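Enquirer: Right, I'll just put the structure down here and ask away after.
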Amino acid sequence: MKFSLELFMGANWVAVGIYVLATIANAAGVLFKKDRFERLGYWCAGGGLLLHTLAIAYWWAEVGHGPYMAPNEVLSSDAWMIMACFLIFLKVYPRIRPASILAFPATFLMLALSLFYNPGIRTLPATFRSIWLVIHIGLYKISLATLVIGLAFSVFYLLKKRRDEGWLQRLPALETLDIYSYRFAGFGFIFWTIGMLAGSIWAHQSWGRFWGWDPTETWALITCLMFGAYLHLRRFFQWRGSRAAWFFIACFAISLVSLFGMATLSGSIHAEYFK
Amino acid sequence: MTPNIKRWMTARRLSLGLIIALAGMMYVSTLIPQAVDSAPDQLGAWRRGHAYLLWLVDGARLHRIYSQPWFAATILLAATALAISSWDQFAAARRKLRSAETGGGEEMAASAAEHTLRSAARSRHYLCFRAAAPGRLKFIRNPWGYFGNLSLHIGMVLVAGASLYAALTARQGVLILVEGEWRDNRQAWNASEHGILAAPLSLPGAIRLDKVRVRFGAKNQPAEVSSDITIAEADGRTESFTATINRIAGYRGLRVYHASQYGDAFALEFIDAQGNTHFEKLPIQQPLGPAKAGYGDFGLRWSPHALSAKYFADVNQRSMTGATPLLVMRLIDRGREISRVSLTPGGSALLGDYRVRLLGVEKWAKLIFVDIGGIPVIFAGFAVIMLGGLVHYMAPPRELIAVRQEDGTYRVWWKAPAFREFFVDERDELTEALRKGHP
């Protein structure tokens, strides 16, 4: 079958549209406590994810490598992972439902942004042909998705603490929001650390070094240490509440610097995919 | 170890301080260019722009943060503190497993029969443990969760200790060779580095690059790149082996890597205005596709000008394996192009004042010889961290503690030492099962 760029772009735009519908229905459901709208939101999100998956698979088959070599591929697969992880975590922990208020718009915004980048086909260098690279990248994407969910709870905590009225009253209790952001920070930290492990195995296998103090590597380690400090403060110094929430938000911002800032600003070898 | 030192080494403030100190050092390394990953001209430009900071940067050797003794000492201190703390974590985990204290628990049944309690616990995967106090029963779901922190700490000790060992003792050398080229073991590497406790690495013998093979897959993407190498040792023995990208070769304890740098080397003859002949071989990185060029910049010892070159694998830009590559060279004078020429093998043209002829094209490759220890321990440490994290965050323990009453029934408490809010449904189900008297 001949590849059609129009079909690929069209499928992605339709997926964006479905995600937008999911966001509107879901927000209406959560904010106005309308279960029917909320359920509709999840059905739309599932449908959007299915179409998005097909679009990624179609592109993958055409370019011959996973969605991690160009800005459009990176953003699209990040968006996919946020939605997929959210829906999976929702099955296991149904109480995370309110996090959809952040996870759904993050998904459609990232996917829409990806469509403004040139969808050129990138050649995969020989050193990138390693299963460890796929694991390395996949784990960072899962980590980002879990951190987005944790971020939602930190933001909700701060909003609810400031003004507990209207739709904020329908969110779980402050203590619950606090614990949820703590646990998802733990998930994010673990996936981030395993991602670093997979990256260092790949680097060791490909370049003869397991660590090179490349700018992205350094920032990834700083992020890991900062989340380590966050978890340490919570566990041993009884940090909780607003200051823990603010600290989480700061750590999340550092993780964005590692994942996206360094890729665009530095001469890192990890920047290749964002050039 | 005296109790005071132990208390100081395991103080929560010290561990927090070390985390922040390490993150701070790394942050400084992103502000001040590091010699390990910066080109000399980048370093020079930064120093010219920050002359007012040089007293501090040079005094504390901040261009080489990661090879400073104080950086190594900080990691060593962190690893030692973690090792001591690991022992405390182990003791704490054992204590938690055996403790049958009800303090901090939530009472869920005032009077439950033993068989009901046991079957309700079993049906929710709570395992029965021997309680430290008589007349008490203890059930724990995910008891291994108590050892998650211990595993996290041991993993971090292994990673920090082994990374430090690797950084201090590792050594490596880089060779850039053209097909057929011999490199004598007395000649220097193209680049080399070694840890402060290691001697520089010597070439294991005279080395020749026999052949570079590039296999292309779909859409002209390189599927496999490998190089055949022959090493001749001083006693006359020779050994041949193949190094491939992503497949490490070994030679007498050394690991031999095929780097991602490879391509075509162009043999050129330059004749200047005075009739002097100069020969150059320009190794240029393999292009990424038939319509894309590989690039390289070169200084010429015998010319005041620099040379900027690019090439296409096929003059017709249709194939990566075409027999006729196209070389384009630009002569650069103080950043400005003064002449340009395009050549195919055998071709000749004028480039500025020079008559240049493309004599031939051969493959080249970059090989890295590494002598490093401690890597398996680093990766094992990461695996232990991973296990600890998964156990701690994915499977936190929950407890049922039951105290026998005079009438033979049990009063039952439920405890979730971490992430209690995630398990309130489980608590409610257990409460309901105990209330109804069946699981």
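Naming works like this for the structure tokens: A, B, ... for the chains as they're shown, residue 1 at the start of each chain, ligands 1 onward in shown order.
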List the spatial neighbours of Arg340 of chain B as a PyMOL selection string - criterion: any atom at most 9 Å away, only C-alpha atoms, same-chain residues fewer than 2 positions off excluded.

Expert: chain B and resi 328-331+337-338+342+350-352

Enquirer: Which residues are near segment 233-241 of chain A? Cut-off 7 Å, only C-alpha atoms, ignore same chain within fewer than 4 positions. Put them as an mmCIF file with all heavy atoms, in the first residue's frame.

Expert:
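This is the output file out18.cif:
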data_model
loop_
_atom_site.group_PDB
_atom_site.id
_atom_site.type_symbol
_atom_site.label_atom_id
_atom_site.label_comp_id
_atom_site.auth_asym_id
_atom_site.auth_seq_id
_atom_site.Cartn_x
_atom_site.Cartn_y
_atom_site.Cartn_z
ATOM 1 N N ASP A 178 -2.932 14.901 48.287
ATOM 2 C CA ASP A 178 -1.523 14.959 48.661
ATOM 3 C C ASP A 178 -0.860 13.586 48.501
ATOM 4 O O ASP A 178 0.218 13.465 47.894
ATOM 5 C CB ASP A 178 -1.462 15.416 50.132
ATOM 6 C CG ASP A 178 -0.053 15.750 50.564
ATOM 7 O OD1 ASP A 178 0.675 16.343 49.761
ATOM 8 O OD2 ASP A 178 0.319 15.410 51.699
ATOM 9 N N ALA A 229 15.159 13.775 46.346
ATOM 10 C CA ALA A 229 15.078 14.696 47.489
ATOM 11 C C ALA A 229 13.619 14.882 47.912
ATOM 12 O O ALA A 229 13.300 14.900 49.107
ATOM 13 C CB ALA A 229 15.704 16.038 47.117
ATOM 14 N N ALA A 245 3.642 20.118 47.525
ATOM 15 C CA ALA A 245 3.034 20.319 46.196
ATOM 16 C C ALA A 245 3.887 21.272 45.354
ATOM 17 O O ALA A 245 4.148 21.014 44.175
ATOM 18 C CB ALA A 245 1.616 20.869 46.351
ATOM 19 N N ARG B 12 19.418 12.337 58.707
ATOM 20 C CA ARG B 12 18.591 12.644 57.528
ATOM 21 C C ARG B 12 19.059 13.918 56.855
ATOM 22 O O ARG B 12 18.986 14.066 55.647
ATOM 23 C CB ARG B 12 17.134 12.777 57.966
ATOM 24 C CG ARG B 12 16.567 11.450 58.375
ATOM 25 C CD ARG B 12 15.316 11.602 59.156
ATOM 26 N NE ARG B 12 14.847 10.300 59.625
ATOM 27 C CZ ARG B 12 13.788 10.119 60.373
ATOM 28 N NH1 ARG B 12 13.071 11.146 60.757
ATOM 29 N NH2 ARG B 12 13.428 8.917 60.751
#

Enquirer: Excluding same-chain residues fewer than 5 positions from segment 126-131 of chain B, what lies within 7 Å of it counting only C-alpha atoms, as a ChimeraX atom specification?

Expert: /B:98-100,121,136-141

Enquirer: Using the selection just defined, write its residues with N, CA, C and O atoms as a PDB file, in the first residue's frame.

Expert:
ATOM      1  N   ARG B  98       7.828  -8.171  62.454  1.00  0.00           N
ATOM      2  CA  ARG B  98       7.501  -8.921  63.675  1.00  0.00           C
ATOM      3  C   ARG B  98       6.564  -8.157  64.597  1.00  0.00           C
ATOM      4  O   ARG B  98       5.861  -8.758  65.396  1.00  0.00           O
ATOM      5  N   SER B  99       6.579  -6.821  64.496  1.00  0.00           N
ATOM      6  CA  SER B  99       5.805  -6.026  65.451  1.00  0.00           C
ATOM      7  C   SER B  99       4.303  -6.320  65.341  1.00  0.00           C
ATOM      8  O   SER B  99       3.761  -6.477  64.239  1.00  0.00           O
ATOM      9  N   ALA B 100       3.640  -6.409  66.505  1.00  0.00           N
ATOM     10  CA  ALA B 100       2.180  -6.612  66.491  1.00  0.00           C
ATOM     11  C   ALA B 100       1.508  -5.490  67.265  1.00  0.00           C
ATOM     12  O   ALA B 100       0.458  -5.684  67.884  1.00  0.00           O
ATOM     13  N   ALA B 121      -8.611 -12.771  55.463  1.00  0.00           N
ATOM     14  CA  ALA B 121      -7.241 -12.312  55.167  1.00  0.00           C
ATOM     15  C   ALA B 121      -6.691 -13.065  53.965  1.00  0.00           C
ATOM     16  O   ALA B 121      -6.125 -12.472  53.042  1.00  0.00           O
ATOM     17  N   ARG B 136      -1.762 -12.842  69.870  1.00  0.00           N
ATOM     18  CA  ARG B 136      -2.002 -11.918  68.743  1.00  0.00           C
ATOM     19  C   ARG B 136      -1.745 -12.638  67.425  1.00  0.00           C
ATOM     20  O   ARG B 136      -0.882 -13.518  67.348  1.00  0.00           O
ATOM     21  N   LEU B 137      -2.501 -12.232  66.418  1.00  0.00           N
ATOM     22  CA  LEU B 137      -2.284 -12.750  65.065  1.00  0.00           C
ATOM     23  C   LEU B 137      -1.907 -11.572  64.176  1.00  0.00           C
ATOM     24  O   LEU B 137      -2.389 -10.457  64.379  1.00  0.00           O
ATOM     25  N   LYS B 138      -1.044 -11.871  63.236  1.00  0.00           N
ATOM     26  CA  LYS B 138      -0.641 -10.778  62.330  1.00  0.00           C
ATOM     27  C   LYS B 138      -0.676 -11.275  60.896  1.00  0.00           C
ATOM     28  O   LYS B 138      -0.162 -12.348  60.578  1.00  0.00           O
ATOM     29  N   PHE B 139      -1.312 -10.504  60.025  1.00  0.00           N
ATOM     30  CA  PHE B 139      -1.391 -10.828  58.599  1.00  0.00           C
ATOM     31  C   PHE B 139      -0.845  -9.628  57.827  1.00  0.00           C
ATOM     32  O   PHE B 139      -1.173  -8.488  58.148  1.00  0.00           O
ATOM     33  N   ILE B 140      -0.030  -9.918  56.829  1.00  0.00           N
ATOM     34  CA  ILE B 140       0.535  -8.811  56.033  1.00  0.00           C
ATOM     35  C   ILE B 140       0.326  -9.083  54.552  1.00  0.00           C
ATOM     36  O   ILE B 140       0.603 -10.194  54.071  1.00  0.00           O
ATOM     37  N   ARG B 141      -0.163  -8.078  53.861  1.00  0.00           N
ATOM     38  CA  ARG B 141      -0.219  -8.170  52.400  1.00  0.00           C
ATOM     39  C   ARG B 141       1.035  -7.463  51.866  1.00  0.00           C
ATOM     40  O   ARG B 141       1.366  -6.366  52.303  1.00  0.00           O
TER      41      ARG B 141
END

Enquirer: Can you build me a table of chain A residues sitting at most 6 Å from chain B, with the closest atom pair per residue and its distance in Å to one decimal, using only C-alpha atoms, sorted by chain and residue number, as a tab-separated table?

Expert:
residue	atom	partner	partner_atom	distance
A:Thr123	CA	B:Gln221	CA	5.9
A:Ala126	CA	B:Pro222	CA	5.7
A:Thr176	CA	B:Glu421	CA	5.9
A:Ile190	CA	B:Gly389	CA	5.7
A:Gln205	CA	B:Asn246	CA	5.5
A:Ser206	CA	B:Asn246	CA	4.7
A:Ile222	CA	B:Ala23	CA	5.1

Enquirer: As a VMD selection string, please: every residue in segment 49-203 of chain A that DSSP puts in alpha helix (DSSP H).

Expert: chain A and resid 49 to 63 71 to 92 100 to 114 131 to 162 174 to 203

Enquirer: Could you tell me how far atom CA of Trp302 of chain B sits from atom CA of Leu327 of chain B, in Å to one decimal place?

Expert: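 Separation between atom CA of Leu327 of chain B and atom CA of Trp302 of chain B: 21.0 Å.
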
Enquirer: Please identify all polymer residues within 9 Å of Ala291 of chain B, counting only C-alpha atoms, omitting same-chain residues fewer than 2 positions from it, and present them as JSON, numbers by chain.

Expert: {"B": [287, 288, 289, 293, 312, 313, 314, 316, 317, 318, 319]}

Enquirer: Mind writing the picked residues with N, CA, C and O atoms as a PDB file, in the first residue's frame?

Expert:
ATOM      1  N   PRO B 287      27.114   9.852   4.600  1.00  0.00           N
ATOM      2  CA  PRO B 287      25.839  10.596   4.524  1.00  0.00           C
ATOM      3  C   PRO B 287      24.682   9.746   5.033  1.00  0.00           C
ATOM      4  O   PRO B 287      24.764   8.522   5.051  1.00  0.00           O
ATOM      5  N   LEU B 288      23.580  10.431   5.414  1.00  0.00           N
ATOM      6  CA  LEU B 288      22.419   9.714   5.970  1.00  0.00           C
ATOM      7  C   LEU B 288      21.468   9.197   4.896  1.00  0.00           C
ATOM      8  O   LEU B 288      20.543   8.462   5.186  1.00  0.00           O
ATOM      9  N   GLY B 289      21.670   9.622   3.663  1.00  0.00           N
ATOM     10  CA  GLY B 289      20.815   9.142   2.580  1.00  0.00           C
ATOM     11  C   GLY B 289      21.429   9.515   1.241  1.00  0.00           C
ATOM     12  O   GLY B 289      22.370  10.322   1.190  1.00  0.00           O
ATOM     13  N   ALA B 293      24.309  14.828   2.152  1.00  0.00           N
ATOM     14  CA  ALA B 293      25.768  14.821   2.109  1.00  0.00           C
ATOM     15  C   ALA B 293      26.340  14.510   3.484  1.00  0.00           C
ATOM     16  O   ALA B 293      25.702  14.758   4.506  1.00  0.00           O
ATOM     17  N   PHE B 312      28.588  13.085  -1.543  1.00  0.00           N
ATOM     18  CA  PHE B 312      27.390  12.263  -1.736  1.00  0.00           C
ATOM     19  C   PHE B 312      27.860  10.853  -2.089  1.00  0.00           C
ATOM     20  O   PHE B 312      28.829  10.690  -2.840  1.00  0.00           O
ATOM     21  N   ALA B 313      27.160   9.845  -1.560  1.00  0.00           N
ATOM     22  CA  ALA B 313      27.587   8.461  -1.796  1.00  0.00           C
ATOM     23  C   ALA B 313      27.527   8.100  -3.282  1.00  0.00           C
ATOM     24  O   ALA B 313      28.283   7.255  -3.753  1.00  0.00           O
ATOM     25  N   ASP B 314      26.614   8.760  -3.996  1.00  0.00           N
ATOM     26  CA  ASP B 314      26.439   8.449  -5.416  1.00  0.00           C
ATOM     27  C   ASP B 314      26.289   9.768  -6.170  1.00  0.00           C
ATOM     28  O   ASP B 314      25.495  10.618  -5.770  1.00  0.00           O
ATOM     29  N   ASN B 316      24.833  10.419  -8.750  1.00  0.00           N
ATOM     30  CA  ASN B 316      23.461  10.626  -9.231  1.00  0.00           C
ATOM     31  C   ASN B 316      22.444  10.740  -8.091  1.00  0.00           C
ATOM     32  O   ASN B 316      21.243  10.869  -8.335  1.00  0.00           O
ATOM     33  N   GLN B 317      22.923  10.620  -6.849  1.00  0.00           N
ATOM     34  CA  GLN B 317      22.086  10.729  -5.640  1.00  0.00           C
ATOM     35  C   GLN B 317      20.921   9.745  -5.650  1.00  0.00           C
ATOM     36  O   GLN B 317      19.813  10.055  -5.254  1.00  0.00           O
ATOM     37  N   ARG B 318      21.192   8.514  -6.130  1.00  0.00           N
ATOM     38  CA  ARG B 318      20.127   7.510  -6.188  1.00  0.00           C
ATOM     39  C   ARG B 318      20.374   6.353  -5.229  1.00  0.00           C
ATOM     40  O   ARG B 318      19.455   5.664  -4.830  1.00  0.00           O
ATOM     41  N   SER B 319      21.649   6.128  -4.910  1.00  0.00           N
ATOM     42  CA  SER B 319      21.965   4.919  -4.156  1.00  0.00           C
ATOM     43  C   SER B 319      23.034   5.217  -3.107  1.00  0.00           C
ATOM     44  O   SER B 319      23.807   6.159  -3.232  1.00  0.00           O
TER      45      SER B 319
END

Enquirer: Find, counting only C-alpha atoms, the residue in A:Ala112, A:Met83, A:Leu124, A:Leu51 that gets nearest to Gly64 of chain A.

Expert: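 Ranked by minimum distance to Gly64 of chain A, first place goes to A:Leu124.
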
Enquirer: Output as CSV one row per residue of segment 123-159 of chain A within 12 Å of segment 193-203 of chain A: the closest atom pair and its distance in Å to one decimal place, counting only C-alpha atoms, sorted by chain and residue number ascending.

Expert:
residue,atom,partner,partner_atom,distance
A:Thr127,CA,A:Trp202,CA,9.0
A:Phe128,CA,A:Trp202,CA,8.9
A:Arg129,CA,A:Trp202,CA,9.9
A:Ser130,CA,A:Trp202,CA,7.2
A:Ile131,CA,A:Trp202,CA,8.3
A:Trp132,CA,A:Trp202,CA,5.2
A:Leu133,CA,A:Trp202,CA,6.1
A:Val134,CA,A:Ala198,CA,8.9
A:Ile135,CA,A:Ala198,CA,6.4
A:His136,CA,A:Gly195,CA,4.7
A:Ile137,CA,A:Gly195,CA,6.9
A:Gly138,CA,A:Gly195,CA,7.7
A:Leu139,CA,A:Gly195,CA,5.0
A:Tyr140,CA,A:Gly195,CA,5.6
A:Lys141,CA,A:Gly195,CA,9.1
A:Ile142,CA,A:Gly195,CA,9.3
A:Ser143,CA,A:Gly195,CA,8.4
A:Leu144,CA,A:Gly195,CA,11.0

Enquirer: The selected residues should be written to file as a JSON list (two decimals), in the first residue's frame (atoms: N, CA and C atoms).

Expert:
[["chain", "number", "residue", "atom", "x", "y", "z"],
["A", 127, "THR", "N", 23.73, 3.06, 15.32],
["A", 127, "THR", "CA", 23.82, 2.91, 16.78],
["A", 127, "THR", "C", 22.44, 2.94, 17.44],
["A", 128, "PHE", "N", 21.43, 3.47, 16.72],
["A", 128, "PHE", "CA", 20.09, 3.56, 17.29],
["A", 128, "PHE", "C", 19.31, 2.25, 17.13],
["A", 129, "ARG", "N", 19.93, 1.28, 16.48],
["A", 129, "ARG", "CA", 19.22, 0.01, 16.27],
["A", 129, "ARG", "C", 19.49, -0.92, 17.45],
["A", 130, "SER", "N", 18.93, -0.56, 18.57],
["A", 130, "SER", "CA", 19.13, -1.39, 19.77],
["A", 130, "SER", "C", 17.83, -1.41, 20.55],
["A", 131, "ILE", "N", 17.50, -2.58, 21.07],
["A", 131, "ILE", "CA", 16.26, -2.70, 21.85],
["A", 131, "ILE", "C", 16.35, -1.83, 23.12],
["A", 132, "TRP", "N", 17.59, -1.62, 23.60],
["A", 132, "TRP", "CA", 17.76, -0.81, 24.81],
["A", 132, "TRP", "C", 17.33, 0.63, 24.58],
["A", 133, "LEU", "N", 17.50, 1.10, 23.34],
["A", 133, "LEU", "CA", 17.07, 2.47, 23.03],
["A", 133, "LEU", "C", 15.55, 2.57, 23.15],
["A", 134, "VAL", "N", 14.86, 1.56, 22.61],
["A", 134, "VAL", "CA", 13.39, 1.56, 22.66],
["A", 134, "VAL", "C", 12.93, 1.53, 24.12],
["A", 135, "ILE", "N", 13.58, 0.67, 24.92],
["A", 135, "ILE", "CA", 13.20, 0.58, 26.35],
["A", 135, "ILE", "C", 13.50, 1.91, 27.05],
["A", 136, "HIS", "N", 14.68, 2.46, 26.78],
["A", 136, "HIS", "CA", 15.12, 3.73, 27.38],
["A", 136, "HIS", "C", 14.08, 4.84, 27.12],
["A", 137, "ILE", "N", 13.72, 4.98, 25.86],
["A", 137, "ILE", "CA", 12.80, 6.06, 25.49],
["A", 137, "ILE", "C", 11.40, 5.77, 26.03],
["A", 138, "GLY", "N", 10.97, 4.51, 25.90],
["A", 138, "GLY", "CA", 9.63, 4.14, 26.37],
["A", 138, "GLY", "C", 9.46, 4.43, 27.85],
["A", 139, "LEU", "N", 10.47, 4.11, 28.64],
["A", 139, "LEU", "CA", 10.36, 4.33, 30.09],
["A", 139, "LEU", "C", 10.28, 5.81, 30.44],
["A", 140, "TYR", "N", 11.04, 6.64, 29.72],
["A", 140, "TYR", "CA", 10.94, 8.09, 29.99],
["A", 140, "TYR", "C", 9.55, 8.61, 29.64],
["A", 141, "LYS", "N", 8.97, 8.04, 28.60],
["A", 141, "LYS", "CA", 7.62, 8.48, 28.23],
["A", 141, "LYS", "C", 6.62, 8.05, 29.31],
["A", 142, "ILE", "N", 6.77, 6.84, 29.83],
["A", 142, "ILE", "CA", 5.88, 6.39, 30.91],
["A", 142, "ILE", "C", 6.09, 7.28, 32.13],
["A", 143, "SER", "N", 7.35, 7.60, 32.40],
["A", 143, "SER", "CA", 7.65, 8.45, 33.56],
["A", 143, "SER", "C", 6.97, 9.81, 33.41],
["A", 144, "LEU", "N", 7.08, 10.40, 32.21],
["A", 144, "LEU", "CA", 6.43, 11.70, 31.97],
["A", 144, "LEU", "C", 4.93, 11.58, 32.22]]

Enquirer: For Ala220 of chain A, please output as a ChimeraX atom specification all residues within 10 Å (counting only C-alpha atoms; exclusion window: fewer than 2 positions along the same chain).

Expert: /A:140,192-193,195-196,214-218,222-226,254-259,262
